[in-house]
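Engineer: Just one file: my_file20.tsv, with TSV, C-alpha atoms and all ligand atoms.
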```
chain	number	residue	atom	x	y	z
A	1	MET	CA	-54.82	5.61	-55.20
A	2	LYS	CA	-57.98	7.40	-56.21
A	3	ILE	CA	-61.37	6.46	-54.89
A	4	LYS	CA	-64.25	8.53	-56.18
A	5	THR	CA	-66.66	9.90	-53.62
A	6	SER	CA	-68.90	12.03	-55.84
A	7	LEU	CA	-71.89	9.67	-55.55
A	8	LEU	CA	-71.75	9.14	-51.78
A	9	PRO	CA	-74.99	10.15	-50.05
A	10	LYS	CA	-74.85	12.99	-47.56
A	11	GLY	CA	-73.60	11.83	-44.18
A	12	PHE	CA	-72.11	8.60	-45.56
A	13	THR	CA	-68.56	9.32	-44.41
A	14	ALA	CA	-69.70	9.87	-40.80
A	15	LYS	CA	-71.85	6.74	-41.01
A	16	ALA	CA	-68.81	4.76	-42.23
A	17	GLU	CA	-66.80	5.89	-39.17
A	18	ARG	CA	-69.67	4.89	-36.87
A	19	LEU	CA	-69.88	1.45	-38.46
A	20	ALA	CA	-66.12	0.94	-38.25
A	21	GLU	CA	-66.27	1.79	-34.53
A	22	LYS	CA	-69.39	-0.34	-33.92
A	23	PHE	CA	-67.76	-3.47	-35.36
A	24	ARG	CA	-64.65	-2.80	-33.28
A	25	ASP	CA	-66.87	-2.58	-30.17
A	26	GLU	CA	-68.52	-5.88	-31.08
A	27	LEU	CA	-65.14	-7.56	-31.50
A	28	ASN	CA	-63.45	-5.95	-28.52
A	29	VAL	CA	-61.05	-3.94	-30.63
A	30	HIS	CA	-60.17	-0.38	-29.64
A	31	HIS	CA	-61.61	2.27	-31.98
A	32	CYS	CA	-58.04	3.05	-33.06
A	33	GLY	CA	-57.01	-0.61	-33.40
A	34	HIS	CA	-56.49	-2.96	-36.30
A	35	LEU	CA	-59.61	-4.90	-37.27
A	36	CYS	CA	-58.72	-8.01	-39.28
A	37	ALA	CA	-60.96	-8.46	-42.34
A	38	PHE	CA	-61.01	-12.23	-41.88
A	39	ARG	CA	-62.19	-11.77	-38.31
A	40	LEU	CA	-64.92	-9.34	-39.33
A	41	ALA	CA	-66.04	-11.77	-42.05
A	42	ASN	CA	-66.34	-14.52	-39.46
A	43	HIS	CA	-68.29	-12.17	-37.19
A	44	LEU	CA	-70.69	-11.38	-40.06
A	45	LYS	CA	-71.03	-15.11	-40.83
A	46	VAL	CA	-69.37	-14.81	-44.22
A	47	SER	CA	-67.13	-17.62	-45.47
A	48	ILE	CA	-63.93	-16.64	-47.23
A	49	CYS	CA	-62.95	-18.80	-50.19
A	50	GLU	CA	-60.18	-18.75	-52.74
A	51	ALA	CA	-60.79	-18.74	-56.48
A	52	SER	CA	-58.86	-21.99	-56.70
A	53	ASP	CA	-61.52	-23.60	-54.46
A	54	TYR	CA	-63.78	-23.14	-57.47
A	55	GLY	CA	-61.28	-24.66	-59.87
A	56	ILE	CA	-60.29	-21.27	-61.23
A	57	GLU	CA	-56.73	-20.12	-61.60
A	58	PRO	CA	-56.45	-16.65	-60.05
A	59	GLU	CA	-53.54	-15.77	-62.36
A	60	TRP	CA	-55.69	-16.36	-65.40
A	61	LEU	CA	-58.59	-14.44	-63.90
A	62	GLU	CA	-56.43	-11.50	-62.97
A	63	ARG	CA	-54.83	-11.28	-66.39
A	64	LEU	CA	-58.30	-11.19	-67.84
A	65	THR	CA	-59.88	-8.70	-65.47
A	66	GLY	CA	-57.57	-7.40	-62.74
A	67	TRP	CA	-59.95	-9.28	-60.51
A	68	SER	CA	-59.57	-9.08	-56.74
A	69	GLY	CA	-62.72	-10.53	-55.20
A	70	LEU	CA	-66.47	-10.80	-55.05
A	71	TYR	CA	-69.32	-11.36	-52.65
A	72	MET	CA	-72.09	-13.83	-53.37
A	73	VAL	CA	-74.84	-15.83	-51.72
A	74	ASN	CA	-75.10	-19.43	-52.86
A	75	GLN	CA	-78.23	-21.55	-53.32
A	76	PHE	CA	-78.10	-22.54	-49.63
A	77	SER	CA	-78.19	-18.85	-48.62
A	78	GLU	CA	-74.59	-19.05	-47.43
A	79	LYS	CA	-72.69	-15.79	-47.69
A	80	ILE	CA	-69.35	-16.20	-49.42
A	81	ILE	CA	-66.51	-13.94	-50.45
A	82	ILE	CA	-64.16	-15.35	-53.05
A	83	HIS	CA	-60.89	-13.48	-53.24
A	84	ASN	CA	-57.57	-13.44	-55.03
A	85	THR	CA	-54.91	-14.89	-52.74
A	86	ASN	CA	-52.17	-13.87	-55.19
A	87	HIS	CA	-52.49	-10.29	-54.01
A	88	THR	CA	-50.44	-8.90	-51.13
A	89	LEU	CA	-51.91	-9.36	-47.65
A	90	GLY	CA	-52.70	-5.64	-47.53
A	91	ARG	CA	-54.70	-5.86	-50.73
A	92	GLN	CA	-56.46	-9.00	-49.53
A	93	GLN	CA	-57.54	-7.14	-46.39
A	94	SER	CA	-58.92	-4.24	-48.41
A	95	THR	CA	-60.63	-6.53	-50.95
A	96	ILE	CA	-62.41	-8.43	-48.20
A	97	MET	CA	-63.37	-5.23	-46.36
A	98	HIS	CA	-64.73	-3.86	-49.64
A	99	GLU	CA	-66.85	-6.95	-50.24
A	100	LEU	CA	-68.05	-6.96	-46.60
A	101	ALA	CA	-69.00	-3.31	-47.05
A	102	HIS	CA	-71.40	-4.32	-49.85
A	103	LEU	CA	-73.03	-6.71	-47.38
A	104	VAL	CA	-73.11	-4.18	-44.51
A	105	CYS	CA	-74.70	-1.59	-46.83
A	106	LYS	CA	-77.24	-4.23	-47.92
A	107	HIS	CA	-76.49	-3.65	-51.59
A	108	PRO	CA	-78.57	-5.99	-53.70
A	109	LEU	CA	-76.39	-8.43	-55.61
A	110	PRO	CA	-76.10	-7.39	-59.23
A	111	GLU	CA	-77.98	-9.60	-61.61
A	112	ASP	CA	-76.24	-8.83	-64.86
A	113	ILE	CA	-73.51	-11.39	-64.56
A	114	ILE	CA	-71.58	-11.17	-67.78
A	115	LEU	CA	-70.49	-14.78	-68.05
A	116	PRO	CA	-73.14	-17.01	-66.50
A	117	GLU	CA	-70.77	-19.93	-66.01
A	118	LEU	CA	-68.17	-17.70	-64.38
A	119	PRO	CA	-69.73	-15.37	-61.83
A	120	PHE	CA	-66.61	-13.30	-61.42
A	121	LEU	CA	-67.33	-10.56	-63.90
A	122	ARG	CA	-70.22	-8.32	-63.21
A	123	ARG	CA	-71.22	-4.73	-63.16
A	124	TYR	CA	-72.09	-2.91	-59.99
A	125	ASN	CA	-74.19	0.13	-59.46
A	126	PRO	CA	-71.57	2.94	-59.43
A	127	GLN	CA	-72.96	4.51	-56.25
A	128	HIS	CA	-72.83	1.18	-54.44
A	129	GLU	CA	-69.27	0.72	-55.65
A	130	GLN	CA	-68.23	4.08	-54.20
A	131	GLU	CA	-69.97	3.27	-50.92
A	132	ALA	CA	-68.19	-0.10	-50.67
A	133	GLU	CA	-64.82	1.50	-51.49
A	134	TYR	CA	-65.27	4.21	-48.90
A	135	LEU	CA	-66.70	2.01	-46.15
A	136	GLY	CA	-64.19	-0.79	-46.82
A	137	ALA	CA	-61.28	1.63	-46.39
A	138	THR	CA	-62.83	3.09	-43.23
A	139	LEU	CA	-63.32	-0.39	-41.76
A	140	GLN	CA	-59.58	-0.93	-42.22
A	141	MET	CA	-58.57	2.35	-40.60
A	142	THR	CA	-60.83	4.63	-38.59
A	143	ARG	CA	-60.24	8.37	-38.58
A	144	LYS	CA	-59.59	8.14	-34.83
A	145	GLY	CA	-56.96	5.50	-35.51
A	146	LEU	CA	-55.21	7.74	-38.04
A	147	VAL	CA	-55.18	10.66	-35.59
A	148	TRP	CA	-53.76	8.32	-32.92
A	149	ALA	CA	-51.05	7.15	-35.33
A	150	MET	CA	-50.12	10.71	-36.38
A	151	ARG	CA	-49.92	11.82	-32.74
A	152	ARG	CA	-47.40	9.04	-32.24
A	153	SER	CA	-45.49	10.38	-35.27
A	154	MET	CA	-45.85	7.08	-37.08
A	155	THR	CA	-44.69	6.99	-40.70
A	156	VAL	CA	-46.92	5.80	-43.54
A	157	ALA	CA	-44.96	2.53	-43.57
A	158	GLN	CA	-45.51	2.05	-39.83
A	159	ILE	CA	-49.22	2.82	-40.12
A	160	ALA	CA	-49.52	0.41	-43.06
A	161	ASP	CA	-47.77	-2.26	-41.05
A	162	TYR	CA	-49.95	-1.71	-38.00
A	163	TYR	CA	-53.22	-1.83	-39.95
A	164	LYS	CA	-52.05	-4.55	-42.39
A	165	ALA	CA	-52.89	-2.14	-45.20
A	166	SER	CA	-51.11	-1.04	-48.37
A	167	HIS	CA	-49.15	2.23	-48.31
A	168	GLU	CA	-51.52	3.56	-50.98
A	169	MET	CA	-54.48	2.86	-48.72
A	170	VAL	CA	-52.86	4.69	-45.79
A	171	ASP	CA	-52.11	7.71	-47.99
A	172	TYR	CA	-55.64	7.68	-49.31
A	173	ARG	CA	-57.21	7.53	-45.84
A	174	LEU	CA	-54.90	10.24	-44.44
A	175	ASN	CA	-55.93	12.52	-47.30
A	176	ILE	CA	-59.65	11.81	-47.56
A	177	THR	CA	-60.20	12.17	-43.80
A	178	GLY	CA	-58.27	15.46	-43.71
A	179	VAL	CA	-55.96	14.00	-41.05
A	180	SER	CA	-52.76	14.65	-43.04
A	181	LYS	CA	-53.79	18.29	-43.54
A	182	GLN	CA	-54.70	18.64	-39.86
A	183	PHE	CA	-51.24	17.48	-38.83
A	184	LYS	CA	-49.42	19.49	-41.49
A	185	ASN	CA	-51.10	22.66	-40.20
A	186	PHE	CA	-50.43	21.63	-36.64
A	187	GLY	CA	-46.75	21.08	-37.46
A	188	SER	CA	-46.33	24.51	-39.05
A	189	VAL	CA	-47.85	26.50	-36.17
A	201	ZN	ZN	-67.52	-3.73	-55.14
```
Can you dump the structure from the file as structure tokens?

Structural biologist:
Amino acid sequence: MKIKTSLLPKGFTAKAERLAEKFRDELNVHHCGHLCAFRLANHLKVSICEASDYGIEPEWLERLTGWSGLYMVNQFSEKIIIHNTNHTLGRQQSTIMHELAHLVCKHPLPEDIILPELPFLRRYNPQHEQEAEYLGATLQMTRKGLVWAMRRSMTVAQIADYYKASHEMVDYRLNITGVSKQFKNFGSV
């Protein structure tokens, strides 16, 4: 799993950790605990819908685009995330966290929808995309949570299970936060 970080503004990674901890505080979740994406969506007053609610077959959409989800605001100013329920639960969690991250970062919704009748395909500002990827992953697992898990000698599979995340996402977070390196060095001393 490779998430680019080259366009992240200075200080963004620390800000992401602060936000992930702030939302945990608001929802009475320990800074190291699992924060459910559906619960955070509810907290942020975002409705979660399935593509099939819109009469669209997710299989067809995915074949076409590899589509996983999108955030939109409808004509009644309701905030909605539509996501692909065919994906594993771990991927659904990260898709929803990613879309919530766009909202938390106040990214303007892109206007260049490619197919007007099907608002599933659109281009994002690449910097906003990197911010949503990074913040979404941090919302799933805080750095403190990863340190806690490593101190308990949890395996990647156990961490993934605890945080309802994919193994790839756990590996990614352990690497990008430097936690895996920290514990490798610790182990070799
Ligand atoms: Zn995005």

Engineer: From the set A:Lys164, A:Lys181, A:Arg143, A:Arg151, which residue has the shortest atom-to-atom contact distance to Ala16 (chain A), counting all atoms listed in the file?

Structural biologist: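 Checking each of A:Lys164, A:Lys181, A:Arg143, A:Arg151 against Ala16 (chain A), counting all atoms listed in the file, the winner is A:Arg143.
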
Engineer: If we count only C-alpha atoms and set the cut-off at 6 Å, which residues sit around region 81-90 of chain A, ignoring sequence neighbours fewer than 3 positions away in its own chain? Please answer as a list in words.

Structural biologist: Ile48, Cys49, Glu50, Ala51, Ser68, Gly69, Leu70, Tyr71, Gln93, Lys164, Ala165 and Ser166 of chain A

Engineer: When you count only C-alpha atoms, which of these residues is closest to His34 (chain A): A:Ile80, A:Leu8, A:Met72, A:Met141?

Structural biologist: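 Closest candidate: A:Met141.
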
Engineer: Can you write out as CSV which residues of chain A fall within 10 Å of ligand ZN 201 (chain A), alongside each residue's closest atom pair and its distance in Å to one decimal, counting all atoms listed in the file and ordering rows by chain and ascending residue number?

Structural biologist:
```
residue,atom,partner,partner_atom,distance
A:Ser68,CA,A:ZN201,ZN,9.7
A:Gly69,CA,A:ZN201,ZN,8.3
A:Leu70,CA,A:ZN201,ZN,7.1
A:Tyr71,CA,A:ZN201,ZN,8.2
A:Thr95,CA,A:ZN201,ZN,8.5
A:Ile96,CA,A:ZN201,ZN,9.8
A:Met97,CA,A:ZN201,ZN,9.8
A:His98,CA,A:ZN201,ZN,6.2
A:Glu99,CA,A:ZN201,ZN,5.9
A:Leu100,CA,A:ZN201,ZN,9.1
A:Ala101,CA,A:ZN201,ZN,8.2
A:His102,CA,A:ZN201,ZN,6.6
A:Leu103,CA,A:ZN201,ZN,10.0
A:His107,CA,A:ZN201,ZN,9.6
A:Arg122,CA,A:ZN201,ZN,9.7
A:Arg123,CA,A:ZN201,ZN,8.9
A:Tyr124,CA,A:ZN201,ZN,6.7
A:Asn125,CA,A:ZN201,ZN,8.8
A:Pro126,CA,A:ZN201,ZN,8.9
A:Gln127,CA,A:ZN201,ZN,9.9
A:His128,CA,A:ZN201,ZN,7.3
A:Glu129,CA,A:ZN201,ZN,4.8
A:Gln130,CA,A:ZN201,ZN,7.9
A:Glu131,CA,A:ZN201,ZN,8.5
A:Ala132,CA,A:ZN201,ZN,5.8
A:Glu133,CA,A:ZN201,ZN,6.9
A:Gly136,CA,A:ZN201,ZN,9.4
```

Engineer: I'd like to know which of A:Thr5, A:Asn74, A:Thr13, A:Thr177 is closest to Leu109 (chain A), using all atoms listed in the file.

Structural biologist: A:Asn74
